[in-house]
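**Q** First the structure, which I've put down as structure tokens, then a few questions once you've had a look.
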Amino acid sequence: MIIFLLTQFVYADGETALSQTVSDARKAIEIARDYAARSMRASYWGDVLECEIDKQTNDWKVVFAASPGLLDPYYKCEIFVDPNTGSVKRARRIER
Amino acid sequence: MTFVEPIHRKQRARAYLDQSLEYFENTPNAFEDGNPEKAGEFLWGSVATALKAVVMAKKGTEIRSHSQFWEIAQELTRETGDVSIYESHKEANSLRSNFYDSRLSLDDVKNSSKKIAELVKKLIGLTENAVKD
């Protein structure tokens, strides 16, 4: 119920309490990093290889290197972040 | 957290390994001097710098706090399944404390040094593997 109420609360600029507009790359990387750590077992974050607005989807596309463990190698991942809500729309490992 | 570029990682990791071996090789001198505190400090130093070497070689980052050594030892134990890594690290850490407490005898430290030698050897192996890649 509380979550329902929070999602219904809309600020004057159109954002809800649980959404956020992503206007810069720094914010997009922050969201991607947080998501990768929570949902992709990316304990070790490497370098950001790419961060730009994807021409096809208009989402923030963040490509980065990450690793699940100290002894594991880094692999390349990409995460798409909705610029209007800050939600992660798609996330996948590109290569090992 | 600062990441070291891959081309510099090997060099830094090797420097840590050299330091680790130097500490370890100094331990017998402290035994000969009858100084368990100093010997324990050398052994801990050897383990600490070997752990720094592994983290530098694998992830290009520095260990910045004492609590991180514990976290890394736990993580290595989890990932390799080798419980002796954590146990020997714990023992090395007690030698570090002994530098201030002076509770352990020379024989205690000598006994620990065997396990710690094994640990340092394993950590060197992990680093060498990473540096080879």
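Going through the structure tokens in order, the chains are called A, B, and so on, while each chain numbers its residues from 1 and the ligands are numbered from 1 in the order shown.
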Residues near segment 71-85 of chain B, anyone? I mean within 8 Å using only C-alpha atoms, not counting same-chain ones fewer than 5 positions away, as a count of residues only.
**A** 5
**Q** When the cut-off is 12 Å and we count only C-alpha atoms, which residues of chain A are near chain B, given as JSON, numbers by chain?
**A** {"A": [43, 44, 45, 46, 47, 48, 65, 66, 67, 68, 69, 70, 71, 72, 73, 74]}
**Q** Choose the residue, out of A:Cys51, A:Val62, A:Met40, A:Ala32, that has the smallest atom-to-atom separation from Val88 of chain A; count only C-alpha atoms.
**A**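 Nearest to Val88 of chain A: A:Ala32.
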**Q** When distances are computed from only C-alpha atoms, which of A:Ala42, A:Val63, A:Leu49, A:Ala25 shows the smallest separation from Arg90 of chain A?
**A**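 Between A:Ala42, A:Val63, A:Leu49, A:Ala25, the residue approaching Arg90 of chain A most closely is A:Val63.
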**Q** Select from chain A everything DSSP, run on the backbone, classes as alpha helix (DSSP H), then give the selection as JSON, numbers by chain.
**A** {"A": [2, 3, 4, 5, 6, 7, 8, 25, 26, 27, 28, 29, 30, 31, 32, 33, 34, 35, 36, 37, 38, 39]}
**Q** Could you write those residues out with N, CA and C atoms, as a compact mmCIF listing (two decimals), in the first residue's frame?
**A**
```txt
# COMPACT_ATOMS: atom_id res chain seq x y z
N ILE A 2 1.91 1.23 0.85
CA ILE A 2 2.81 2.40 0.93
C ILE A 2 3.49 2.61 -0.42
N ILE A 3 3.95 1.50 -1.01
CA ILE A 3 4.62 1.59 -2.31
C ILE A 3 3.65 2.14 -3.36
N PHE A 4 2.41 1.66 -3.30
CA PHE A 4 1.40 2.15 -4.24
C PHE A 4 1.23 3.66 -4.12
N LEU A 5 1.15 4.13 -2.87
CA LEU A 5 0.97 5.57 -2.64
C LEU A 5 2.18 6.35 -3.15
N LEU A 6 3.37 5.80 -2.89
CA LEU A 6 4.60 6.49 -3.34
C LEU A 6 4.64 6.61 -4.86
N THR A 7 4.24 5.54 -5.54
CA THR A 7 4.31 5.57 -7.00
C THR A 7 3.24 6.51 -7.58
N GLN A 8 2.21 6.77 -6.80
CA GLN A 8 1.16 7.65 -7.28
C GLN A 8 1.49 9.13 -7.04
N ALA A 25 25.26 11.80 -18.06
CA ALA A 25 25.91 10.49 -18.11
C ALA A 25 26.30 10.00 -16.72
N ARG A 26 26.69 10.95 -15.87
CA ARG A 26 27.11 10.57 -14.51
C ARG A 26 26.00 9.83 -13.78
N LYS A 27 24.77 10.36 -13.90
CA LYS A 27 23.62 9.74 -13.23
C LYS A 27 23.33 8.36 -13.85
N ALA A 28 23.43 8.29 -15.18
CA ALA A 28 23.16 7.02 -15.86
C ALA A 28 24.15 5.94 -15.39
N ILE A 29 25.41 6.34 -15.23
CA ILE A 29 26.45 5.39 -14.78
C ILE A 29 26.17 4.95 -13.34
N GLU A 30 25.74 5.91 -12.53
CA GLU A 30 25.43 5.62 -11.13
C GLU A 30 24.31 4.57 -11.04
N ILE A 31 23.29 4.75 -11.86
CA ILE A 31 22.16 3.80 -11.87
C ILE A 31 22.63 2.43 -12.36
N ALA A 32 23.41 2.46 -13.44
CA ALA A 32 23.91 1.19 -14.01
C ALA A 32 24.78 0.45 -13.00
N ARG A 33 25.62 1.19 -12.31
CA ARG A 33 26.53 0.59 -11.34
C ARG A 33 25.77 -0.06 -10.19
N ASP A 34 24.77 0.66 -9.72
CA ASP A 34 23.96 0.16 -8.62
C ASP A 34 23.21 -1.11 -9.06
N TYR A 35 22.66 -1.07 -10.26
CA TYR A 35 21.92 -2.23 -10.77
C TYR A 35 22.86 -3.43 -10.96
N ALA A 36 24.04 -3.16 -11.52
CA ALA A 36 25.00 -4.25 -11.79
C ALA A 36 25.41 -4.94 -10.49
N ALA A 37 25.63 -4.15 -9.46
CA ALA A 37 26.04 -4.73 -8.17
C ALA A 37 24.92 -5.56 -7.56
N ARG A 38 23.67 -5.07 -7.69
CA ARG A 38 22.54 -5.76 -7.06
C ARG A 38 22.06 -6.96 -7.86
N SER A 39 22.02 -6.82 -9.17
CA SER A 39 21.34 -7.83 -9.98
C SER A 39 22.22 -8.63 -10.93
```
**Q** Do you know which residues are at most 6 Å from Cys77 of chain A counting only C-alpha atoms, after dropping those on the same chain fewer than 3 positions away, and could you put them as a PyMOL selection string?
**A** chain A and resi 63-64+92-94
**Q** Fewer than 6 positions away in the same chain doesn't count, so skip those; otherwise give me all residues within 10 Å of Lys122 of chain B, counting only C-alpha atoms, as a list in words.
**A**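 Once the adjacent positions are removed, what remains is Ala50, Ile85, Ile116 and Glu128 of chain B.
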**Q** Under the rule that only C-alpha atoms are counted, which of B:Thr61, B:Ser67, B:Ser102, B:Ser94 is the nearest residue to His8 of chain B?
**A**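 Looking only at the distances to His8 of chain B, the closest residue turns out to be B:Thr61.
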**Q** By how many Å are atom CA of Ile79 of chain A and atom CA of Ile63 of chain B apart?
**A** 28.7 Å
**Q** Quick one: residues within 7 Å of Trp60 of chain A, only C-alpha atoms counted, chain neighbours fewer than 3 positions away excluded, as a ChimeraX atom specification?
**A** /A:28,51-54,80-83
**Q** What separation in Å, quoted to one decimal, exists between atom CA of Ser88 of chain B and atom CA of Thr27 of chain B?
**A**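 Answer for the atom CA of Ser88 of chain B to atom CA of Thr27 of chain B separation: 16.5 Å.
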**Q** What does the structure give for the distance between atom CA of Asn29 of chain B and atom CA of Lys52 of chain B, in Å to one decimal?
**A**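 Going from atom CA of Asn29 of chain B over to atom CA of Lys52 of chain B, I get 24.1 Å.
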**Q** Return as a count of residues only the full set of residues in chain A whose backbone-based DSSP assignment is strand (DSSP E).
**A** 33
